[in-house]
$ cat final-v3.cif   # mmCIF, C-alpha atoms
data_entry
loop_
_atom_site.label_atom_id
_atom_site.label_comp_id
_atom_site.auth_asym_id
_atom_site.auth_seq_id
_atom_site.Cartn_x
_atom_site.Cartn_y
_atom_site.Cartn_z
CA MET A 779 -29.08 -129.87 -148.50
CA LYS A 780 -25.35 -130.04 -149.28
CA LYS A 781 -23.56 -133.39 -149.18
CA GLY A 782 -21.33 -132.27 -146.30
CA GLU A 783 -24.45 -131.67 -144.22
CA ILE A 784 -25.80 -135.18 -144.84
CA LYS A 785 -24.83 -137.54 -142.01
CA ILE A 786 -24.45 -141.25 -142.69
CA LEU A 787 -23.89 -143.85 -139.97
CA LEU A 788 -22.15 -146.99 -141.26
CA VAL A 789 -22.44 -150.05 -138.99
CA ASP A 790 -20.49 -153.28 -139.57
CA ASP A 791 -18.35 -155.59 -137.45
CA GLU A 792 -15.86 -156.07 -140.30
CA PRO A 793 -13.08 -153.42 -140.24
CA ASP A 794 -12.49 -153.82 -144.00
CA ILE A 795 -16.12 -152.96 -144.78
CA LEU A 796 -16.00 -149.90 -142.52
CA GLU A 797 -12.80 -148.73 -144.17
CA ILE A 798 -13.72 -149.36 -147.80
CA VAL A 799 -17.38 -148.29 -147.72
CA GLY A 800 -16.61 -145.41 -145.35
CA TYR A 801 -13.85 -144.18 -147.65
CA ASN A 802 -16.09 -144.23 -150.73
CA LEU A 803 -18.90 -142.37 -148.96
CA SER A 804 -16.51 -139.79 -147.49
CA SER A 805 -14.86 -139.30 -150.90
CA GLU A 806 -18.29 -138.50 -152.29
CA GLY A 807 -18.56 -135.69 -149.73
CA TYR A 808 -20.85 -137.21 -147.10
CA ASN A 809 -20.31 -136.81 -143.35
CA VAL A 810 -19.65 -140.42 -142.31
CA THR A 811 -19.61 -141.91 -138.80
CA THR A 812 -18.89 -145.60 -138.15
CA ALA A 813 -19.87 -148.13 -135.50
CA LYS A 814 -18.59 -151.70 -134.95
CA ASN A 815 -21.65 -153.23 -133.25
CA GLY A 816 -25.32 -152.74 -132.44
CA ASN A 817 -24.88 -151.08 -129.05
CA GLU A 818 -22.39 -148.57 -130.44
CA ALA A 819 -24.69 -147.92 -133.39
CA ILE A 820 -27.67 -147.14 -131.15
CA ALA A 821 -25.61 -144.74 -129.03
CA LYS A 822 -24.15 -142.92 -132.04
CA ALA A 823 -27.50 -142.78 -133.83
CA LYS A 824 -29.10 -141.06 -130.83
CA LYS A 825 -26.17 -138.66 -130.55
CA GLU A 826 -25.59 -137.85 -134.23
CA ARG A 827 -29.17 -138.24 -135.56
CA PRO A 828 -27.97 -139.35 -139.02
CA HIS A 829 -30.02 -138.96 -142.16
CA LEU A 830 -29.09 -142.46 -143.35
CA ILE A 831 -27.97 -145.60 -141.49
CA ILE A 832 -26.30 -148.41 -143.44
CA LEU A 833 -26.60 -151.39 -141.12
CA ASP A 834 -25.03 -154.85 -141.36
CA VAL A 835 -27.37 -157.73 -140.50
CA MET A 836 -24.94 -160.36 -139.25
CA MET A 837 -23.20 -158.96 -136.18
CA PRO A 838 -22.29 -160.64 -132.87
CA GLU A 839 -24.15 -159.90 -129.59
CA MET A 840 -26.86 -157.73 -131.21
CA ASP A 841 -27.64 -158.34 -134.88
CA GLY A 842 -28.82 -155.71 -137.33
CA ILE A 843 -32.49 -156.66 -137.04
CA GLU A 844 -32.54 -156.07 -133.29
CA THR A 845 -30.45 -152.93 -133.66
CA CYS A 846 -32.93 -151.56 -136.21
CA GLU A 847 -35.84 -152.28 -133.87
CA HIS A 848 -34.13 -150.36 -131.05
CA ILE A 849 -33.36 -147.39 -133.31
CA ARG A 850 -36.93 -147.22 -134.58
CA LYS A 851 -38.18 -146.88 -130.99
CA SER A 852 -36.48 -143.48 -130.71
CA PRO A 853 -38.84 -140.63 -131.73
CA ASP A 854 -35.86 -138.52 -132.83
CA LEU A 855 -34.92 -141.16 -135.40
CA LYS A 856 -38.33 -141.90 -136.91
CA ASP A 857 -37.42 -140.11 -140.16
CA THR A 858 -33.95 -141.64 -140.45
CA ILE A 859 -33.57 -143.85 -143.52
CA ILE A 860 -32.27 -147.33 -142.64
CA THR A 861 -30.92 -149.75 -145.21
CA PHE A 862 -29.38 -153.13 -144.50
CA LEU A 863 -26.00 -154.08 -145.92
CA THR A 864 -25.62 -157.83 -145.92
CA ALA A 865 -24.32 -160.84 -147.80
CA ARG A 866 -27.57 -162.68 -147.06
CA GLY A 867 -30.21 -162.56 -149.77
CA GLU A 868 -32.83 -164.97 -148.43
CA ASP A 869 -36.43 -163.80 -148.49
CA TYR A 870 -36.92 -164.46 -144.77
CA SER A 871 -34.02 -162.17 -143.93
CA GLN A 872 -35.49 -159.38 -146.06
CA VAL A 873 -38.93 -159.82 -144.53
CA ALA A 874 -37.43 -159.67 -141.02
CA GLY A 875 -35.59 -156.50 -141.98
CA PHE A 876 -38.69 -154.75 -143.30
CA ASP A 877 -40.69 -155.88 -140.28
CA ALA A 878 -38.03 -154.30 -138.05
CA GLY A 879 -38.56 -150.96 -139.79
CA ALA A 880 -35.88 -150.95 -142.49
CA ASP A 881 -36.44 -148.92 -145.65
CA ASP A 882 -34.29 -150.91 -148.02
CA TYR A 883 -31.77 -153.66 -148.57
CA ILE A 884 -28.30 -153.66 -150.19
CA THR A 885 -26.52 -156.95 -150.83
CA LYS A 886 -22.73 -157.12 -150.51
CA PRO A 887 -20.24 -157.34 -152.08
CA ILE A 888 -21.20 -154.23 -154.01
CA LYS A 889 -19.18 -152.11 -156.42
CA PRO A 890 -18.41 -148.57 -155.14
CA LYS A 891 -20.19 -146.82 -158.01
CA LEU A 892 -23.35 -148.88 -157.52
CA LEU A 893 -23.22 -148.28 -153.77
CA ILE A 894 -23.00 -144.51 -154.27
CA SER A 895 -25.85 -144.69 -156.79
CA LYS A 896 -28.04 -146.52 -154.29
CA VAL A 897 -27.14 -144.10 -151.50
CA LYS A 898 -28.06 -141.15 -153.70
CA ALA A 899 -31.40 -142.78 -154.54
CA LEU A 900 -32.12 -143.34 -150.84
CA LEU A 901 -31.17 -139.79 -149.90
CA ARG A 902 -33.49 -138.33 -152.55
CA ARG A 903 -36.26 -139.32 -150.16
CA LEU A 904 -35.18 -136.73 -147.63
CA LYS A 905 -37.82 -134.04 -147.21
CA GLU A 906 -36.67 -130.63 -148.38
CA GLU A 907 -36.78 -128.07 -145.56
CA ASN A 908 -38.45 -125.48 -147.78
CA GLY A 909 -40.99 -127.80 -149.37
CA PRO A 910 -44.68 -126.92 -149.81
CA ALA A 911 -46.60 -126.39 -146.56
CA ASP A 912 -50.00 -127.54 -147.80
CA ASN A 913 -49.19 -131.14 -148.61
CA MET A 914 -52.22 -132.84 -147.03
CA VAL A 915 -54.32 -135.71 -148.35
CA HIS A 916 -57.74 -136.60 -146.90
CA VAL A 917 -59.27 -139.97 -147.82
CA GLY A 918 -62.22 -141.20 -145.82
CA ASN A 919 -61.26 -141.18 -142.15
CA ILE A 920 -57.55 -140.95 -142.95
CA THR A 921 -55.45 -137.79 -143.13
CA ILE A 922 -51.96 -137.99 -144.63
CA ASN A 923 -49.56 -135.15 -143.83
CA ARG A 924 -46.73 -135.56 -146.32
CA ASP A 925 -44.64 -132.75 -144.84
CA GLU A 926 -44.59 -134.23 -141.34
CA TYR A 927 -44.77 -137.90 -142.39
CA LYS A 928 -47.81 -138.26 -140.18
CA ILE A 929 -50.92 -140.43 -140.53
CA VAL A 930 -54.12 -139.76 -138.55
CA GLN A 931 -56.97 -142.26 -138.76
CA SER A 932 -60.24 -141.52 -136.94
CA GLY A 933 -58.39 -139.09 -134.67
CA LYS A 934 -55.62 -141.56 -133.83
CA GLU A 935 -52.06 -140.92 -134.96
CA ILE A 936 -50.34 -143.91 -136.60
CA ILE A 937 -46.55 -144.03 -136.92
CA LEU A 938 -45.33 -145.68 -140.11
CA PRO A 939 -41.80 -146.40 -141.34
CA ARG A 940 -40.84 -144.23 -144.30
CA LYS A 941 -41.48 -146.79 -147.05
CA GLU A 942 -44.87 -147.81 -145.65
CA PHE A 943 -45.81 -144.12 -145.46
CA GLU A 944 -44.76 -143.45 -149.05
CA LEU A 945 -46.59 -146.53 -150.30
CA LEU A 946 -49.79 -145.54 -148.49
CA SER A 947 -49.43 -141.96 -149.72
CA LEU A 948 -49.11 -143.14 -153.31
CA LEU A 949 -52.06 -145.56 -153.25
CA ALA A 950 -54.32 -143.15 -151.34
CA SER A 951 -53.56 -140.32 -153.77
CA ARG A 952 -55.89 -142.00 -156.29
CA PRO A 953 -58.46 -144.17 -154.49
CA GLY A 954 -59.76 -146.90 -156.80
CA LYS A 955 -56.85 -146.62 -159.24
CA VAL A 956 -54.87 -149.83 -159.75
CA PHE A 957 -51.18 -149.10 -159.38
CA LYS A 958 -49.07 -151.61 -161.28
CA ARG A 959 -46.18 -153.22 -159.42
CA ASP A 960 -43.58 -151.62 -161.70
CA GLU A 961 -45.13 -148.19 -161.13
CA ILE A 962 -45.09 -148.69 -157.35
CA LEU A 963 -41.45 -149.76 -157.40
CA ASP A 964 -40.54 -146.77 -159.56
CA LYS A 965 -42.40 -144.13 -157.53
CA VAL A 966 -41.76 -145.47 -154.04
CA TRP A 967 -38.34 -147.12 -154.33
CA GLY A 968 -36.88 -145.39 -157.36
CA ASN A 969 -35.33 -146.81 -160.50
CA GLU A 970 -31.84 -147.09 -159.04
CA VAL A 971 -32.82 -149.13 -156.01
CA ILE A 972 -33.08 -152.86 -156.64
CA VAL A 973 -35.46 -154.59 -154.25
CA GLY A 974 -36.70 -158.17 -153.96
CA GLY A 975 -39.87 -159.39 -155.59
CA ARG A 976 -41.67 -159.65 -152.26
CA THR A 977 -40.88 -156.09 -151.15
CA ILE A 978 -44.25 -154.59 -152.09
CA ASP A 979 -46.16 -157.56 -150.65
CA VAL A 980 -44.39 -157.25 -147.30
CA HIS A 981 -45.18 -153.54 -147.04
CA ILE A 982 -48.81 -154.04 -148.08
CA ARG A 983 -49.17 -156.70 -145.38
CA LYS A 984 -47.85 -154.29 -142.74
CA LEU A 985 -50.21 -151.54 -143.93
CA ARG A 986 -53.17 -153.91 -143.77
CA GLU A 987 -52.28 -154.69 -140.16
CA LYS A 988 -52.02 -151.01 -139.22
CA ILE A 989 -54.59 -149.23 -141.42
CA GLY A 990 -57.15 -151.96 -142.11
CA ASP A 991 -57.26 -154.94 -144.42
CA ASP A 992 -60.30 -153.75 -146.41
CA HIS A 993 -58.51 -150.56 -147.57
CA PHE A 994 -56.07 -152.49 -149.77
CA LYS A 995 -57.15 -154.69 -152.66
CA THR A 996 -54.83 -157.00 -154.58
CA VAL A 997 -55.40 -157.12 -158.34
CA LYS A 998 -53.81 -160.46 -159.17
CA GLY A 999 -51.02 -160.23 -161.69
CA VAL A 1000 -51.27 -156.44 -161.87
CA GLY A 1001 -50.78 -154.58 -158.57
CA TYR A 1002 -52.72 -152.92 -155.76
CA LYS A 1003 -55.33 -150.26 -155.20
CA PHE A 1004 -56.63 -148.29 -152.22
CA VAL A 1005 -60.38 -148.48 -151.57
CA LEU A 1006 -62.61 -146.52 -149.19
#

$ encode --input "final-v3.cif" --output "structure tokens"
Amino acid sequence: MKKGEIKILLVDDEPDILEIVGYNLSSEGYNVTTAKNGNEAIAKAKKERPHLIILDVMMPEMDGIETCEHIRKSPDLKDTIITFLTARGEDYSQVAGFDAGADDYITKPIKPKLLISKVKALLRRLKEENGPADNMVHVGNITINRDEYKIVQSGKEIILPRKEFELLSLLASRPGKVFKRDEILDKVWGNEVIVGGRTIDVHIRKLREKIGDDHFKTVKGVGYKFVL
């Protein structure tokens, strides 16, 4: 997919952020749309169906967490990558963001080159249209369709945010294998994306709630493994 075909929605209530970040993304060749608040972001997301949404957390009326929750309720936007752009770095804010369905977190202020690097890393997760058609994984009563980002467990379809899906797909690809934390961060988040220390733990907790607690085992001080 060419850069000009990639649509990015930038949401922030600060005009300077919209101008500076929007300019840098547009200069890189991306198709950028902006929104000043949560309600405008939801409307434009449904209309434009962007590939990536960069969403500020601290906004009046409707904050980024609530906005993200509303966007994730739209079936047409289930594959959209959402990353928060915020000056807040507290763990509770990150946990709330991941719980709302966000894929990642970018802390501002951020240098333009680093921002572009992070955006490129996020966009590498987009599924290629002409990818392999037989990308299915069967583990126990779970079927993972990597092409359609679909999980079916005992005949029931389970909708997962992108990062939870990729984490489950990685762990389930080798049942019983202990994946080290560094390996998980590298394969699921990528080397160029800096995430907090609790990122993996938050996603594992959500997977335990949705897939079943006994499928995920913590190996203290090492990482996680998927068990049948």

$ resolve_selection --input "final-v3.cif" --expression "the PyMOL selection byres ((chain A and resi 884) around 9)" --output "PyMOL selection string"
chain A and resi 832+861-865+882-883+885-886+888+893+896+971-973

$ resolve_selection --input "final-v3.cif" --expression "the PyMOL selection byres ((chain A and resi 941-949) around 6)" --output "list in words"
Asp881, Leu938, Pro939, Arg940, Ala950, Ser951, His981 and Phe1004 of chain A

$ closest_residue --input "final-v3.cif" --among "A:Asp794, A:Asp857, A:Asp992, A:Asp964" --to "Ile831 of chain A" --atoms "only C-alpha atoms"
A:Asp857

$ resolve_selection --input "final-v3.cif" --expression "the PyMOL selection byres ((chain A and resi 795) around 12)" --output "NGL selection string"
:A and (788-794 or 796-803 or 812-814 or 832-834 or 863-865 or 886-888 or 890)

$ write_last_selection --input "final-v3.cif" --atoms "C-alpha atoms" --output "tab-separated table (two decimals), keeping the file's coordinate frame"
chain	number	residue	atom	x	y	z
A	788	LEU	CA	-22.15	-146.99	-141.26
A	789	VAL	CA	-22.44	-150.05	-138.99
A	790	ASP	CA	-20.49	-153.28	-139.57
A	791	ASP	CA	-18.35	-155.59	-137.45
A	792	GLU	CA	-15.86	-156.07	-140.30
A	793	PRO	CA	-13.08	-153.42	-140.24
A	794	ASP	CA	-12.49	-153.82	-144.00
A	796	LEU	CA	-16.00	-149.90	-142.52
A	797	GLU	CA	-12.80	-148.73	-144.17
A	798	ILE	CA	-13.72	-149.36	-147.80
A	799	VAL	CA	-17.38	-148.29	-147.72
A	800	GLY	CA	-16.61	-145.41	-145.35
A	801	TYR	CA	-13.85	-144.18	-147.65
A	802	ASN	CA	-16.09	-144.23	-150.73
A	803	LEU	CA	-18.90	-142.37	-148.96
A	812	THR	CA	-18.89	-145.60	-138.15
A	813	ALA	CA	-19.87	-148.13	-135.50
A	814	LYS	CA	-18.59	-151.70	-134.95
A	832	ILE	CA	-26.30	-148.41	-143.44
A	833	LEU	CA	-26.60	-151.39	-141.12
A	834	ASP	CA	-25.03	-154.85	-141.36
A	863	LEU	CA	-26.00	-154.08	-145.92
A	864	THR	CA	-25.62	-157.83	-145.92
A	865	ALA	CA	-24.32	-160.84	-147.80
A	886	LYS	CA	-22.73	-157.12	-150.51
A	887	PRO	CA	-20.24	-157.34	-152.08
A	888	ILE	CA	-21.20	-154.23	-154.01
A	890	PRO	CA	-18.41	-148.57	-155.14

$ atom_distance --input "final-v3.cif" --atom1 "atom CA of Pro853 of chain A" --atom2 "atom CA of His993 of chain A"
27.1 Å

$ residues_around --input "final-v3.cif" --residues "segment 806-810 of chain A" --least-positions-apart "6" --cutoff "8 Å" --atoms "only C-alpha atoms" --output "count of residues only"
10

$ atom_distance --input "final-v3.cif" --atom1 "atom CA of Asp877 of chain A" --atom2 "atom CA of Glu847 of chain A"
8.8 Å

$ closest_residue --input "final-v3.cif" --among "A:Met840, A:Leu892, A:Ala823, A:Val966" --to "Ile860 of chain A" --atoms "all atoms listed in the file"
A:Ala823

$ closest_residue --input "final-v3.cif" --among "A:Lys958, A:His916, A:Gly968, A:Thr977" --to "Val1000 of chain A" --atoms "only C-alpha atoms"
A:Lys958

$ atom_distance --input "final-v3.cif" --atom1 "atom CA of Ile982 of chain A" --atom2 "atom CA of Ile849 of chain A"
22.4 Å

$ closest_residue --input "final-v3.cif" --among "A:Val1005, A:Val873, A:Ile937, A:Leu901" --to "Gly918 of chain A" --atoms "only C-alpha atoms"
A:Val1005

$ residues_around --input "final-v3.cif" --residues "Glu935 of chain A" --least-positions-apart "2" --cutoff "12 Å" --atoms "only C-alpha atoms" --output "PyMOL selection string"
chain A and resi 919-923+926-933+937-938+988-989

$ decode --input "final-v3.cif" --residues "segment 825-855 of chain A" --atoms "N, CA, C and O atoms" --output "JSON list (two decimals), in the first residue's frame"
[["chain", "number", "residue", "atom", "x", "y", "z"],
["A", 825, "LYS", "N", -16.69, 8.03, 8.82],
["A", 825, "LYS", "CA", -16.77, 8.46, 7.44],
["A", 825, "LYS", "C", -15.52, 8.08, 6.64],
["A", 825, "LYS", "O", -15.61, 7.55, 5.53],
["A", 826, "GLU", "N", -14.34, 8.32, 7.21],
["A", 826, "GLU", "CA", -13.08, 8.13, 6.49],
["A", 826, "GLU", "C", -12.52, 6.72, 6.60],
["A", 826, "GLU", "O", -11.75, 6.29, 5.75],
["A", 827, "ARG", "N", -12.87, 6.01, 7.70],
["A", 827, "ARG", "CA", -12.34, 4.68, 7.97],
["A", 827, "ARG", "C", -10.81, 4.67, 7.86],
["A", 827, "ARG", "O", -10.22, 3.99, 7.01],
["A", 828, "PRO", "N", -10.13, 5.44, 8.72],
["A", 828, "PRO", "CA", -8.67, 5.55, 8.66],
["A", 828, "PRO", "C", -7.97, 4.26, 9.03],
["A", 828, "PRO", "O", -8.52, 3.41, 9.73],
["A", 829, "HIS", "N", -6.74, 4.14, 8.57],
["A", 829, "HIS", "CA", -5.93, 2.98, 8.93],
["A", 829, "HIS", "C", -5.32, 3.15, 10.32],
["A", 829, "HIS", "O", -5.10, 2.19, 11.03],
["A", 830, "LEU", "N", -5.04, 4.41, 10.68],
["A", 830, "LEU", "CA", -4.42, 4.72, 11.97],
["A", 830, "LEU", "C", -5.09, 5.96, 12.56],
["A", 830, "LEU", "O", -5.33, 6.94, 11.87],
["A", 831, "ILE", "N", -5.40, 5.89, 13.86],
["A", 831, "ILE", "CA", -5.91, 7.05, 14.60],
["A", 831, "ILE", "C", -4.92, 7.39, 15.70],
["A", 831, "ILE", "O", -4.56, 6.55, 16.51],
["A", 832, "ILE", "N", -4.45, 8.64, 15.69],
["A", 832, "ILE", "CA", -3.57, 9.15, 16.75],
["A", 832, "ILE", "C", -4.45, 10.03, 17.62],
["A", 832, "ILE", "O", -4.92, 11.07, 17.19],
["A", 833, "LEU", "N", -4.67, 9.61, 18.85],
["A", 833, "LEU", "CA", -5.75, 10.17, 19.68],
["A", 833, "LEU", "C", -5.22, 10.74, 20.99],
["A", 833, "LEU", "O", -4.60, 10.02, 21.78],
["A", 834, "ASP", "N", -5.47, 12.03, 21.22],
["A", 834, "ASP", "CA", -5.08, 12.66, 22.48],
["A", 834, "ASP", "C", -5.96, 12.13, 23.61],
["A", 834, "ASP", "O", -7.14, 11.85, 23.41],
["A", 835, "VAL", "N", -5.39, 11.98, 24.80],
["A", 835, "VAL", "CA", -6.16, 11.49, 25.94],
["A", 835, "VAL", "C", -6.93, 12.62, 26.61],
["A", 835, "VAL", "O", -8.13, 12.52, 26.84],
["A", 836, "MET", "N", -6.24, 13.71, 26.93],
["A", 836, "MET", "CA", -6.86, 14.79, 27.69],
["A", 836, "MET", "C", -7.56, 15.79, 26.78],
["A", 836, "MET", "O", -6.94, 16.70, 26.23],
["A", 837, "MET", "N", -8.87, 15.60, 26.60],
["A", 837, "MET", "CA", -9.68, 16.51, 25.81],
["A", 837, "MET", "C", -10.94, 16.85, 26.59],
["A", 837, "MET", "O", -11.44, 16.02, 27.36],
["A", 838, "PRO", "N", -11.48, 18.06, 26.42],
["A", 838, "PRO", "CA", -12.71, 18.44, 27.12],
["A", 838, "PRO", "C", -13.92, 17.69, 26.58],
["A", 838, "PRO", "O", -13.88, 17.17, 25.47],
["A", 839, "GLU", "N", -14.98, 17.65, 27.36],
["A", 839, "GLU", "CA", -16.27, 17.03, 27.00],
["A", 839, "GLU", "C", -16.15, 15.51, 26.92],
["A", 839, "GLU", "O", -16.68, 14.80, 27.74],
["A", 840, "MET", "N", -15.44, 15.00, 25.91],
["A", 840, "MET", "CA", -15.23, 13.55, 25.78],
["A", 840, "MET", "C", -13.73, 13.29, 25.66],
["A", 840, "MET", "O", -13.11, 13.73, 24.70],
["A", 841, "ASP", "N", -13.16, 12.60, 26.65],
["A", 841, "ASP", "CA", -11.71, 12.38, 26.60],
["A", 841, "ASP", "C", -11.37, 11.26, 25.62],
["A", 841, "ASP", "O", -12.25, 10.61, 25.03],
["A", 842, "GLY", "N", -10.06, 11.04, 25.45],
["A", 842, "GLY", "CA", -9.61, 10.05, 24.47],
["A", 842, "GLY", "C", -10.01, 8.63, 24.81],
["A", 842, "GLY", "O", -10.28, 7.82, 23.91],
["A", 843, "ILE", "N", -10.06, 8.30, 26.10],
["A", 843, "ILE", "CA", -10.44, 6.95, 26.51],
["A", 843, "ILE", "C", -11.87, 6.64, 26.07],
["A", 843, "ILE", "O", -12.14, 5.60, 25.46],
["A", 844, "GLU", "N", -12.78, 7.56, 26.35],
["A", 844, "GLU", "CA", -14.18, 7.37, 25.97],
["A", 844, "GLU", "C", -14.34, 7.37, 24.46],
["A", 844, "GLU", "O", -15.11, 6.60, 23.89],
["A", 845, "THR", "N", -13.59, 8.24, 23.79],
["A", 845, "THR", "CA", -13.64, 8.30, 22.33],
["A", 845, "THR", "C", -13.19, 6.98, 21.72],
["A", 845, "THR", "O", -13.82, 6.45, 20.79],
["A", 846, "CYS", "N", -12.12, 6.41, 22.27],
["A", 846, "CYS", "CA", -11.60, 5.13, 21.80],
["A", 846, "CYS", "C", -12.64, 4.03, 21.98],
["A", 846, "CYS", "O", -12.85, 3.20, 21.08],
["A", 847, "GLU", "N", -13.31, 4.01, 23.12],
["A", 847, "GLU", "CA", -14.34, 3.01, 23.39],
["A", 847, "GLU", "C", -15.46, 3.10, 22.36],
["A", 847, "GLU", "O", -15.95, 2.08, 21.87],
["A", 848, "HIS", "N", -15.88, 4.32, 22.03],
["A", 848, "HIS", "CA", -16.95, 4.51, 21.03],
["A", 848, "HIS", "C", -16.50, 4.02, 19.65],
["A", 848, "HIS", "O", -17.26, 3.36, 18.94],
["A", 849, "ILE", "N", -15.26, 4.34, 19.28],
["A", 849, "ILE", "CA", -14.75, 3.94, 17.97],
["A", 849, "ILE", "C", -14.66, 2.42, 17.87],
["A", 849, "ILE", "O", -14.99, 1.83, 16.84],
["A", 850, "ARG", "N", -14.23, 1.77, 18.94],
["A", 850, "ARG", "CA", -14.08, 0.32, 18.93],
["A", 850, "ARG", "C", -15.43, -0.41, 18.82],
["A", 850, "ARG", "O", -15.46, -1.59, 18.48],
["A", 851, "LYS", "N", -16.51, 0.28, 19.10],
["A", 851, "LYS", "CA", -17.83, -0.34, 18.99],
["A", 851, "LYS", "C", -18.30, -0.43, 17.54],
["A", 851, "LYS", "O", -19.27, -1.13, 17.25],
["A", 852, "SER", "N", -17.63, 0.27, 16.64],
["A", 852, "SER", "CA", -18.02, 0.26, 15.23],
["A", 852, "SER", "C", -17.35, -0.91, 14.52],
["A", 852, "SER", "O", -16.12, -0.98, 14.46],
["A", 853, "PRO", "N", -18.12, -1.85, 13.95],
["A", 853, "PRO", "CA", -17.54, -3.00, 13.25],
["A", 853, "PRO", "C", -16.61, -2.61, 12.11],
["A", 853, "PRO", "O", -15.64, -3.30, 11.82],
["A", 854, "ASP", "N", -16.91, -1.48, 11.44],
["A", 854, "ASP", "CA", -16.09, -1.04, 10.31],
["A", 854, "ASP", "C", -14.71, -0.56, 10.75],
["A", 854, "ASP", "O", -13.83, -0.39, 9.91],
["A", 855, "LEU", "N", -14.53, -0.34, 12.05],
["A", 855, "LEU", "CA", -13.27, 0.21, 12.53],
["A", 855, "LEU", "C", -12.51, -0.77, 13.42],
["A", 855, "LEU", "O", -11.57, -0.38, 14.11]]
